[in-house]
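> Pasting input-v5.pdb here (PDB, C-alpha atoms):
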```pdb
ATOM      1  CA  MET H   1      19.879  -4.417 -14.062  1.00  0.00           C
ATOM      2  CA  VAL H   2      18.367  -0.997 -14.635  1.00  0.00           C
ATOM      3  CA  ILE H   3      14.893  -0.119 -13.414  1.00  0.00           C
ATOM      4  CA  LYS H   4      12.319  -0.278 -16.220  1.00  0.00           C
ATOM      5  CA  ALA H   5       9.097  -0.420 -14.193  1.00  0.00           C
ATOM      6  CA  VAL H   6       7.904   1.235 -10.985  1.00  0.00           C
ATOM      7  CA  VAL H   7       4.900  -0.282  -9.211  1.00  0.00           C
ATOM      8  CA  PHE H   8       3.124   1.296  -6.264  1.00  0.00           C
ATOM      9  CA  ASP H   9       1.299  -0.074  -3.257  1.00  0.00           C
ATOM     10  CA  VAL H  10      -1.985   1.733  -2.568  1.00  0.00           C
ATOM     11  CA  GLY H  11      -2.727   2.323   1.127  1.00  0.00           C
ATOM     12  CA  GLU H  12      -0.419   4.904   2.727  1.00  0.00           C
ATOM     13  CA  CYS H  13       1.663   4.968  -0.427  1.00  0.00           C
ATOM     14  CA  LEU H  14      -0.800   6.581  -2.819  1.00  0.00           C
ATOM     15  CA  VAL H  15      -3.872   6.928  -0.612  1.00  0.00           C
ATOM     16  CA  ASP H  16      -3.976   8.532   2.841  1.00  0.00           C
ATOM     17  CA  GLU H  17      -6.196   6.133   4.782  1.00  0.00           C
ATOM     18  CA  SER H  18      -6.773   8.422   7.777  1.00  0.00           C
ATOM     19  CA  ARG H  19     -10.399   9.130   6.887  1.00  0.00           C
ATOM     20  CA  GLU H  20     -11.159   5.484   6.131  1.00  0.00           C
ATOM     21  CA  TYR H  21      -9.827   4.285   9.475  1.00  0.00           C
ATOM     22  CA  GLY H  22     -11.731   7.098  11.125  1.00  0.00           C
ATOM     23  CA  THR H  23     -14.961   5.760   9.648  1.00  0.00           C
ATOM     24  CA  TRP H  24     -14.107   2.322  11.038  1.00  0.00           C
ATOM     25  CA  ALA H  25     -13.801   3.854  14.504  1.00  0.00           C
ATOM     26  CA  ASP H  26     -17.218   5.436  13.992  1.00  0.00           C
ATOM     27  CA  TRP H  27     -18.643   2.099  12.859  1.00  0.00           C
ATOM     28  CA  LEU H  28     -17.268   0.415  15.968  1.00  0.00           C
ATOM     29  CA  GLY H  29     -18.624   3.209  18.139  1.00  0.00           C
ATOM     30  CA  VAL H  30     -15.280   4.195  19.683  1.00  0.00           C
ATOM     31  CA  PRO H  31     -13.461   7.564  19.701  1.00  0.00           C
ATOM     32  CA  ARG H  32     -11.212   7.987  16.687  1.00  0.00           C
ATOM     33  CA  HIS H  33      -8.170   8.849  18.800  1.00  0.00           C
ATOM     34  CA  THR H  34      -8.703   5.697  20.870  1.00  0.00           C
ATOM     35  CA  PHE H  35      -8.945   3.534  17.776  1.00  0.00           C
ATOM     36  CA  GLY H  36      -5.814   5.197  16.374  1.00  0.00           C
ATOM     37  CA  ALA H  37      -3.854   4.575  19.553  1.00  0.00           C
ATOM     38  CA  VAL H  38      -4.784   0.891  19.658  1.00  0.00           C
ATOM     39  CA  PHE H  39      -4.100   0.556  15.927  1.00  0.00           C
ATOM     40  CA  GLY H  40      -0.594   1.962  16.387  1.00  0.00           C
ATOM     41  CA  ALA H  41       0.091  -0.258  19.391  1.00  0.00           C
ATOM     42  CA  VAL H  42      -0.907  -3.349  17.420  1.00  0.00           C
ATOM     43  CA  ILE H  43       1.422  -2.412  14.565  1.00  0.00           C
ATOM     44  CA  ALA H  44       4.297  -1.615  16.918  1.00  0.00           C
ATOM     45  CA  ARG H  45       3.978  -5.106  18.397  1.00  0.00           C
ATOM     46  CA  GLY H  46       4.309  -6.617  14.929  1.00  0.00           C
ATOM     47  CA  LEU H  47       0.771  -7.993  14.891  1.00  0.00           C
ATOM     48  CA  ASP H  48      -1.707  -8.084  12.017  1.00  0.00           C
ATOM     49  CA  TYR H  49      -3.515  -4.731  11.927  1.00  0.00           C
ATOM     50  CA  ARG H  50      -6.852  -6.544  12.025  1.00  0.00           C
ATOM     51  CA  GLU H  51      -6.095  -7.433  15.637  1.00  0.00           C
ATOM     52  CA  ALA H  52      -6.948  -3.811  16.468  1.00  0.00           C
ATOM     53  CA  PHE H  53     -10.572  -4.481  15.560  1.00  0.00           C
ATOM     54  CA  GLN H  54     -10.611  -7.500  17.851  1.00  0.00           C
ATOM     55  CA  VAL H  55      -9.792  -5.304  20.837  1.00  0.00           C
ATOM     56  CA  PHE H  56     -13.081  -3.463  20.413  1.00  0.00           C
ATOM     57  CA  ARG H  57     -15.202  -6.271  19.024  1.00  0.00           C
ATOM     58  CA  PRO H  58     -13.964  -9.858  19.547  1.00  0.00           C
ATOM     59  CA  GLY H  59     -14.778 -12.075  16.582  1.00  0.00           C
ATOM     60  CA  PHE H  60     -14.764  -9.110  14.180  1.00  0.00           C
ATOM     61  CA  GLU H  61     -14.490 -10.216  10.529  1.00  0.00           C
ATOM     62  CA  LEU H  62     -13.310  -7.397   8.280  1.00  0.00           C
ATOM     63  CA  TYR H  63     -14.831  -8.608   5.020  1.00  0.00           C
ATOM     64  CA  GLU H  64     -18.185  -9.334   6.645  1.00  0.00           C
ATOM     65  CA  GLU H  65     -18.236  -5.905   8.262  1.00  0.00           C
ATOM     66  CA  ARG H  66     -17.390  -4.260   4.929  1.00  0.00           C
ATOM     67  CA  GLU H  67     -20.501  -5.881   3.487  1.00  0.00           C
ATOM     68  CA  LYS H  68     -22.598  -4.709   6.434  1.00  0.00           C
ATOM     69  CA  ARG H  69     -21.304  -1.175   5.987  1.00  0.00           C
ATOM     70  CA  ALA H  70     -22.158  -1.254   2.297  1.00  0.00           C
ATOM     71  CA  GLU H  71     -25.662  -2.517   3.048  1.00  0.00           C
ATOM     72  CA  ALA H  72     -26.037   0.313   5.583  1.00  0.00           C
ATOM     73  CA  GLY H  73     -25.079   2.873   2.938  1.00  0.00           C
ATOM     74  CA  GLN H  74     -21.576   3.372   4.338  1.00  0.00           C
ATOM     75  CA  PRO H  75     -19.292   1.523   1.886  1.00  0.00           C
ATOM     76  CA  GLU H  76     -15.539   2.015   1.771  1.00  0.00           C
ATOM     77  CA  TRP H  77     -14.730   5.094  -0.238  1.00  0.00           C
ATOM     78  CA  PHE H  78     -11.885   7.430  -1.064  1.00  0.00           C
ATOM     79  CA  GLY H  79     -11.452  10.159  -3.621  1.00  0.00           C
ATOM     80  CA  GLU H  80      -9.092  12.711  -5.106  1.00  0.00           C
ATOM     81  CA  GLY H  81      -8.781  14.482  -1.768  1.00  0.00           C
ATOM     82  CA  ASP H  82      -7.466  11.289  -0.135  1.00  0.00           C
ATOM     83  CA  LEU H  83      -4.535  10.961  -2.525  1.00  0.00           C
ATOM     84  CA  TYR H  84      -1.223  12.144  -1.155  1.00  0.00           C
ATOM     85  CA  PRO H  85      -0.321  15.424  -2.892  1.00  0.00           C
ATOM     86  CA  ASP H  86       2.793  14.012  -4.587  1.00  0.00           C
ATOM     87  CA  VAL H  87       1.026  11.127  -6.333  1.00  0.00           C
ATOM     88  CA  ARG H  88      -0.048  12.498  -9.706  1.00  0.00           C
ATOM     89  CA  SER H  89       3.121  14.479 -10.244  1.00  0.00           C
ATOM     90  CA  ALA H  90       5.478  11.619  -9.380  1.00  0.00           C
ATOM     91  CA  LEU H  91       3.645   9.001 -11.439  1.00  0.00           C
ATOM     92  CA  GLY H  92       3.434  11.392 -14.365  1.00  0.00           C
ATOM     93  CA  LYS H  93       7.158  12.173 -14.275  1.00  0.00           C
ATOM     94  CA  LEU H  94       8.070   8.493 -14.174  1.00  0.00           C
ATOM     95  CA  ARG H  95       5.941   7.790 -17.241  1.00  0.00           C
ATOM     96  CA  GLU H  96       7.417  10.776 -19.027  1.00  0.00           C
ATOM     97  CA  ALA H  97      10.855   9.291 -18.342  1.00  0.00           C
ATOM     98  CA  GLY H  98       9.806   6.162 -20.228  1.00  0.00           C
ATOM     99  CA  LEU H  99       9.155   3.896 -17.262  1.00  0.00           C
ATOM    100  CA  TRP H 100       6.231   1.480 -17.065  1.00  0.00           C
ATOM    101  CA  VAL H 101       4.101   2.516 -14.091  1.00  0.00           C
ATOM    102  CA  GLY H 102       1.867   0.095 -12.235  1.00  0.00           C
ATOM    103  CA  ILE H 103      -0.383   0.076  -9.164  1.00  0.00           C
ATOM    104  CA  ALA H 104      -0.899  -3.164  -7.227  1.00  0.00           C
ATOM    105  CA  GLY H 105      -1.942  -3.536  -3.597  1.00  0.00           C
ATOM    106  CA  ASN H 106      -4.115  -5.374  -1.119  1.00  0.00           C
ATOM    107  CA  GLN H 107      -7.442  -3.868  -2.049  1.00  0.00           C
ATOM    108  CA  THR H 108     -11.013  -4.970  -2.643  1.00  0.00           C
ATOM    109  CA  VAL H 109     -12.735  -5.094  -6.011  1.00  0.00           C
ATOM    110  CA  ARG H 110     -14.649  -1.966  -4.988  1.00  0.00           C
ATOM    111  CA  ALA H 111     -11.437  -0.115  -4.145  1.00  0.00           C
ATOM    112  CA  GLY H 112      -9.997  -1.167  -7.489  1.00  0.00           C
ATOM    113  CA  GLY H 113     -12.984   0.383  -9.234  1.00  0.00           C
ATOM    114  CA  ILE H 114     -12.538   3.611  -7.283  1.00  0.00           C
ATOM    115  CA  LEU H 115      -8.848   3.734  -8.211  1.00  0.00           C
ATOM    116  CA  ARG H 116      -9.608   3.212 -11.884  1.00  0.00           C
ATOM    117  CA  GLY H 117     -12.143   6.022 -11.696  1.00  0.00           C
ATOM    118  CA  LEU H 118      -9.424   8.407 -10.473  1.00  0.00           C
ATOM    119  CA  GLU H 119      -7.581   7.873 -13.780  1.00  0.00           C
ATOM    120  CA  LEU H 120      -4.107   8.049 -12.304  1.00  0.00           C
ATOM    121  CA  PRO H 121      -1.173   8.230 -14.752  1.00  0.00           C
ATOM    122  CA  ALA H 122      -0.406   4.507 -14.710  1.00  0.00           C
ATOM    123  CA  ASP H 123      -0.102   1.742 -17.303  1.00  0.00           C
ATOM    124  CA  PHE H 124      -1.535  -1.014 -15.148  1.00  0.00           C
ATOM    125  CA  LEU H 125      -3.686  -1.477 -12.047  1.00  0.00           C
ATOM    126  CA  ALA H 126      -4.614  -4.633 -10.138  1.00  0.00           C
ATOM    127  CA  THR H 127      -5.786  -5.525  -6.635  1.00  0.00           C
ATOM    128  CA  SER H 128      -5.342  -8.574  -4.446  1.00  0.00           C
ATOM    129  CA  ASP H 129      -9.026  -9.371  -4.979  1.00  0.00           C
ATOM    130  CA  ASP H 130      -8.469  -9.315  -8.740  1.00  0.00           C
ATOM    131  CA  TRP H 131      -5.659 -11.835  -8.406  1.00  0.00           C
ATOM    132  CA  GLY H 132      -7.024 -13.925  -5.546  1.00  0.00           C
ATOM    133  CA  VAL H 133      -3.795 -13.593  -3.585  1.00  0.00           C
ATOM    134  CA  SER H 134      -2.724 -11.001  -1.025  1.00  0.00           C
ATOM    135  CA  LYS H 135       0.561  -9.639   0.240  1.00  0.00           C
ATOM    136  CA  PRO H 136       2.767 -10.733   1.905  1.00  0.00           C
ATOM    137  CA  ASP H 137       2.296 -13.962  -0.072  1.00  0.00           C
ATOM    138  CA  PRO H 138       5.202 -14.025  -2.574  1.00  0.00           C
ATOM    139  CA  ASP H 139       2.738 -15.238  -5.227  1.00  0.00           C
ATOM    140  CA  PHE H 140       1.292 -11.706  -5.263  1.00  0.00           C
ATOM    141  CA  PHE H 141       4.633 -10.419  -6.495  1.00  0.00           C
ATOM    142  CA  ARG H 142       5.068 -13.317  -8.893  1.00  0.00           C
ATOM    143  CA  ARG H 143       1.769 -12.286 -10.495  1.00  0.00           C
ATOM    144  CA  LEU H 144       3.152  -8.772 -10.768  1.00  0.00           C
ATOM    145  CA  VAL H 145       6.249 -10.060 -12.555  1.00  0.00           C
ATOM    146  CA  GLU H 146       4.010 -11.959 -14.978  1.00  0.00           C
ATOM    147  CA  VAL H 147       2.166  -8.820 -16.079  1.00  0.00           C
ATOM    148  CA  ALA H 148       5.100  -6.396 -16.110  1.00  0.00           C
ATOM    149  CA  PRO H 149       6.916  -5.919 -19.434  1.00  0.00           C
ATOM    150  CA  CYS H 150      10.320  -6.695 -17.916  1.00  0.00           C
ATOM    151  CA  GLU H 151      12.170  -9.021 -15.572  1.00  0.00           C
ATOM    152  CA  ALA H 152      11.743  -9.116 -11.795  1.00  0.00           C
ATOM    153  CA  GLY H 153      15.068  -7.388 -11.169  1.00  0.00           C
ATOM    154  CA  GLU H 154      13.997  -4.486 -13.386  1.00  0.00           C
ATOM    155  CA  ILE H 155      10.886  -3.720 -11.289  1.00  0.00           C
ATOM    156  CA  LEU H 156      10.947  -1.282  -8.370  1.00  0.00           C
ATOM    157  CA  TYR H 157       8.107  -1.873  -5.912  1.00  0.00           C
ATOM    158  CA  VAL H 158       7.238   1.109  -3.717  1.00  0.00           C
ATOM    159  CA  GLY H 159       5.529   0.487  -0.373  1.00  0.00           C
ATOM    160  CA  ASP H 160       5.222   1.706   3.188  1.00  0.00           C
ATOM    161  CA  ARG H 161       5.556  -1.655   4.943  1.00  0.00           C
ATOM    162  CA  LEU H 162       8.697  -3.646   5.577  1.00  0.00           C
ATOM    163  CA  ASP H 163       6.676  -6.776   6.387  1.00  0.00           C
ATOM    164  CA  ASN H 164       4.001  -6.670   3.703  1.00  0.00           C
ATOM    165  CA  ASP H 165       5.814  -4.938   0.844  1.00  0.00           C
ATOM    166  CA  ILE H 166       9.585  -4.853   1.052  1.00  0.00           C
ATOM    167  CA  ARG H 167      10.608  -8.288   2.350  1.00  0.00           C
ATOM    168  CA  PRO H 168       8.294 -10.379   0.118  1.00  0.00           C
ATOM    169  CA  ALA H 169       9.067  -8.277  -2.965  1.00  0.00           C
ATOM    170  CA  VAL H 170      12.797  -8.775  -2.415  1.00  0.00           C
ATOM    171  CA  GLU H 171      12.200 -12.522  -1.964  1.00  0.00           C
ATOM    172  CA  VAL H 172      10.803 -12.637  -5.503  1.00  0.00           C
ATOM    173  CA  GLY H 173      13.734 -10.621  -6.867  1.00  0.00           C
ATOM    174  CA  LEU H 174      12.232  -7.130  -7.161  1.00  0.00           C
ATOM    175  CA  LYS H 175      13.992  -3.937  -6.229  1.00  0.00           C
ATOM    176  CA  THR H 176      12.181  -1.933  -3.564  1.00  0.00           C
ATOM    177  CA  ALA H 177      11.639   1.553  -2.187  1.00  0.00           C
ATOM    178  CA  LEU H 178      10.373   2.062   1.356  1.00  0.00           C
ATOM    179  CA  ILE H 179       8.423   5.294   1.897  1.00  0.00           C
ATOM    180  CA  ARG H 180       8.263   6.889   5.338  1.00  0.00           C
ATOM    181  CA  ARG H 181       4.617   7.757   5.835  1.00  0.00           C
ATOM    182  CA  GLY H 182       1.531   6.243   7.351  1.00  0.00           C
ATOM    183  CA  PRO H 183       1.642   4.272  10.622  1.00  0.00           C
ATOM    184  CA  TRP H 184       3.707   1.360   9.312  1.00  0.00           C
ATOM    185  CA  GLY H 185       6.208   3.555   7.495  1.00  0.00           C
ATOM    186  CA  LEU H 186       6.845   5.641  10.595  1.00  0.00           C
ATOM    187  CA  ILE H 187       6.928   2.771  13.103  1.00  0.00           C
ATOM    188  CA  GLN H 188       9.113   0.481  10.984  1.00  0.00           C
ATOM    189  CA  TRP H 189      11.472   3.161   9.643  1.00  0.00           C
ATOM    190  CA  GLU H 190      14.208   2.602  12.247  1.00  0.00           C
ATOM    191  CA  ASP H 191      14.094  -1.190  12.055  1.00  0.00           C
ATOM    192  CA  PRO H 192      17.590  -2.428  11.048  1.00  0.00           C
ATOM    193  CA  GLU H 193      16.084  -4.282   8.082  1.00  0.00           C
ATOM    194  CA  ALA H 194      14.348  -1.094   6.953  1.00  0.00           C
ATOM    195  CA  ARG H 195      17.839   0.290   6.413  1.00  0.00           C
ATOM    196  CA  SER H 196      19.472  -2.750   4.855  1.00  0.00           C
ATOM    197  CA  VAL H 197      16.789  -4.485   2.770  1.00  0.00           C
ATOM    198  CA  PRO H 198      15.219  -1.794   0.507  1.00  0.00           C
ATOM    199  CA  THR H 199      17.030  -0.646  -2.598  1.00  0.00           C
ATOM    200  CA  MET H 200      16.185   2.931  -1.610  1.00  0.00           C
ATOM    201  CA  ARG H 201      14.348   4.819   1.159  1.00  0.00           C
ATOM    202  CA  ILE H 202      12.246   7.894   0.490  1.00  0.00           C
ATOM    203  CA  HIS H 203      10.183  10.488   2.319  1.00  0.00           C
ATOM    204  CA  SER H 204       8.182  11.573  -0.735  1.00  0.00           C
ATOM    205  CA  LEU H 205       7.246  10.071  -4.091  1.00  0.00           C
ATOM    206  CA  GLU H 206       8.720  13.198  -5.673  1.00  0.00           C
ATOM    207  CA  GLU H 207      12.163  11.773  -4.901  1.00  0.00           C
ATOM    208  CA  LEU H 208      11.630   8.739  -7.120  1.00  0.00           C
ATOM    209  CA  PRO H 209      12.207  10.134 -10.632  1.00  0.00           C
ATOM    210  CA  GLY H 210      15.619  11.487  -9.684  1.00  0.00           C
ATOM    211  CA  LEU H 211      16.610   8.411  -7.678  1.00  0.00           C
ATOM    212  CA  VAL H 212      15.609   6.043 -10.469  1.00  0.00           C
ATOM    213  CA  GLU H 213      17.502   8.118 -13.002  1.00  0.00           C
ATOM    214  CA  ALA H 214      20.604   8.094 -10.783  1.00  0.00           C
ATOM    215  CA  PHE H 215      20.287   4.346 -10.181  1.00  0.00           C
ATOM    216  CA  ASN H 216      20.024   3.629 -13.899  1.00  0.00           C
ATOM    217  CA  ALA H 217      23.032   5.836 -14.559  1.00  0.00           C
ATOM    218  CA  GLY H 218      25.037   3.782 -12.067  1.00  0.00           C
ATOM    219  CA  GLY H 219      25.169   6.521  -9.461  1.00  0.00           C
ATOM    220  CA  CYS H 220      23.027   4.841  -6.774  1.00  0.00           C
TER     221      CYS H 220
END
```
Just give me the structure of the file as structure tokens.

Amino acid sequence: MVIKAVVFDVGECLVDESREYGTWADWLGVPRHTFGAVFGAVIARGLDYREAFQVFRPGFELYEEREKRAEAGQPEWFGEGDLYPDVRSALGKLREAGLWVGIAGNQTVRAGGILRGLELPADFLATSDDWGVSKPDPDFFRRLVEVAPCEAGEILYVGDRLDNDIRPAVEVGLKTALIRRGPWGLIQWEDPEARSVPTMRIHSLEELPGLVEAFNAGGC
């Protein structure tokens, strides 16, 4: 099957979350470099990233703390400057090539509103909160197949995580692209499955238009 749709994860695929995690360190009252080190150690051990918060504050509940931050005038936020520099160009080129472009990731309703406000060149945008199901649950990807204008095997899902993005997307029959950036992308890059499971591996979104064209021409 050729690729007819390309769908992107959000965090560390489209959005650089460095500033957001820095604000969480501030909220917890710990040095940013300390929070970052613990965060990386948790990921390297294959644990849920939320375990990093538990190290500093046992019993920490992420959604509850998000609400407290919002009430304190410090809600989650990102803007144009937090997008990776290759995002608009890559998405635009894929649409120009006739591909259906989507955005779907584990994000809150608020984050979804922020993304829509950025008016990225995409045909569709949804968050886990919109759907009531989060990755790595395969039902997240089944919902994606339901809304895409093509079959599962014609969708390329682009993400930075082997565990949350690549494996469950493949389970549902999607093609996948693993991008090497952000903490997960860097830590998981040399995992044997990171080499064998994705349809393609990239260092920049700018590689995608050419790789998709080559794949569809039978050269990849």
> Quick one, how far is CA of Arg66 in chain H from CA of Leu186 in chain H?
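These atoms are spaced 26.8 Å apart.
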> Could you state which residues are captured by the PyMOL selection byres ((chain H and resi 145) around 12) in this file, as a ChimeraX atom specification?
/H:5-7,102,104,138-144,146-157,169,172-175
> Using the chain letters and residue numbers of this document, give as a list of chain:residue names the residues selected by the PyMOL selection byres ((chain H and resi 164) around 6).
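That selection, the PyMOL selection byres ((chain H and resi 164) around 6), comes back as H:Lys135, H:Pro136, H:Arg161, H:Leu162, H:Asp163, H:Asp165.
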> Convert the current residue selection to file output with C-alpha atoms, as a short mmCIF file (atom, residue, chain, number, x, y, z; two decimals), in the coordinates of the input.

```cif
data_model
loop_
_atom_site.label_atom_id
_atom_site.label_comp_id
_atom_site.auth_asym_id
_atom_site.auth_seq_id
_atom_site.Cartn_x
_atom_site.Cartn_y
_atom_site.Cartn_z
CA LYS H 135 0.56 -9.64 0.24
CA PRO H 136 2.77 -10.73 1.90
CA ARG H 161 5.56 -1.66 4.94
CA LEU H 162 8.70 -3.65 5.58
CA ASP H 163 6.68 -6.78 6.39
CA ASP H 165 5.81 -4.94 0.84
#
```
> Taking only C-alpha atoms into account, name the residue in H:Glu20, H:Arg88, H:Val15, H:Phe8 that is nearest to Thr176 in chain H.
H:Phe8
> Could you list the residues chosen by the PyMOL selection byres ((chain H and resi 204) around 8) in this structure as a compact mmCIF listing (two decimals) with C-alpha atoms, in the coordinates of the input?

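Final output, saved to part22.txt:
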```
# COMPACT_ATOMS: atom_id res chain seq x y z
CA ASP H 86 2.79 14.01 -4.59
CA ILE H 179 8.42 5.29 1.90
CA ARG H 180 8.26 6.89 5.34
CA ILE H 202 12.25 7.89 0.49
CA HIS H 203 10.18 10.49 2.32
CA LEU H 205 7.25 10.07 -4.09
CA GLU H 206 8.72 13.20 -5.67
CA GLU H 207 12.16 11.77 -4.90
CA LEU H 208 11.63 8.74 -7.12
```
> Hey, can you check how far CA of Ser89 in chain H sits from CA of Val101 in chain H?
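About the pair CA of Ser89 in chain H and CA of Val101 in chain H: they are 12.6 Å apart.
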> CA of Glu76 in chain H and CA of Arg167 in chain H are how many Å apart?
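Separation between CA of Glu76 in chain H and CA of Arg167 in chain H: 28.1 Å.
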> Given 5 Å on each side, where is the centre and what are the edge lengths in Å to one decimal of the axis-aligned box enclosing the listed atoms of range 66-72 of chain H, as AutoDock Vina command-line options?

```
--center_x -21.7 --center_y -2.8 --center_z 4.4 --size_x 18.6 --size_y 16.2 --size_z 14.1
```
> Tell me which of H:Leu28, H:Ala97, H:Leu47, H:Met200 sits closest to Leu178 in chain H, counting only C-alpha atoms.
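Closest to Leu178 in chain H of all the choices is H:Met200.
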> Find, counting all atoms listed in the file, the residue in H:Glu51, H:Glu213, H:Asp129, H:Asp16 that gets nearest to Trp77 in chain H.
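Among the listed residues, H:Asp16 lies closest to Trp77 in chain H.
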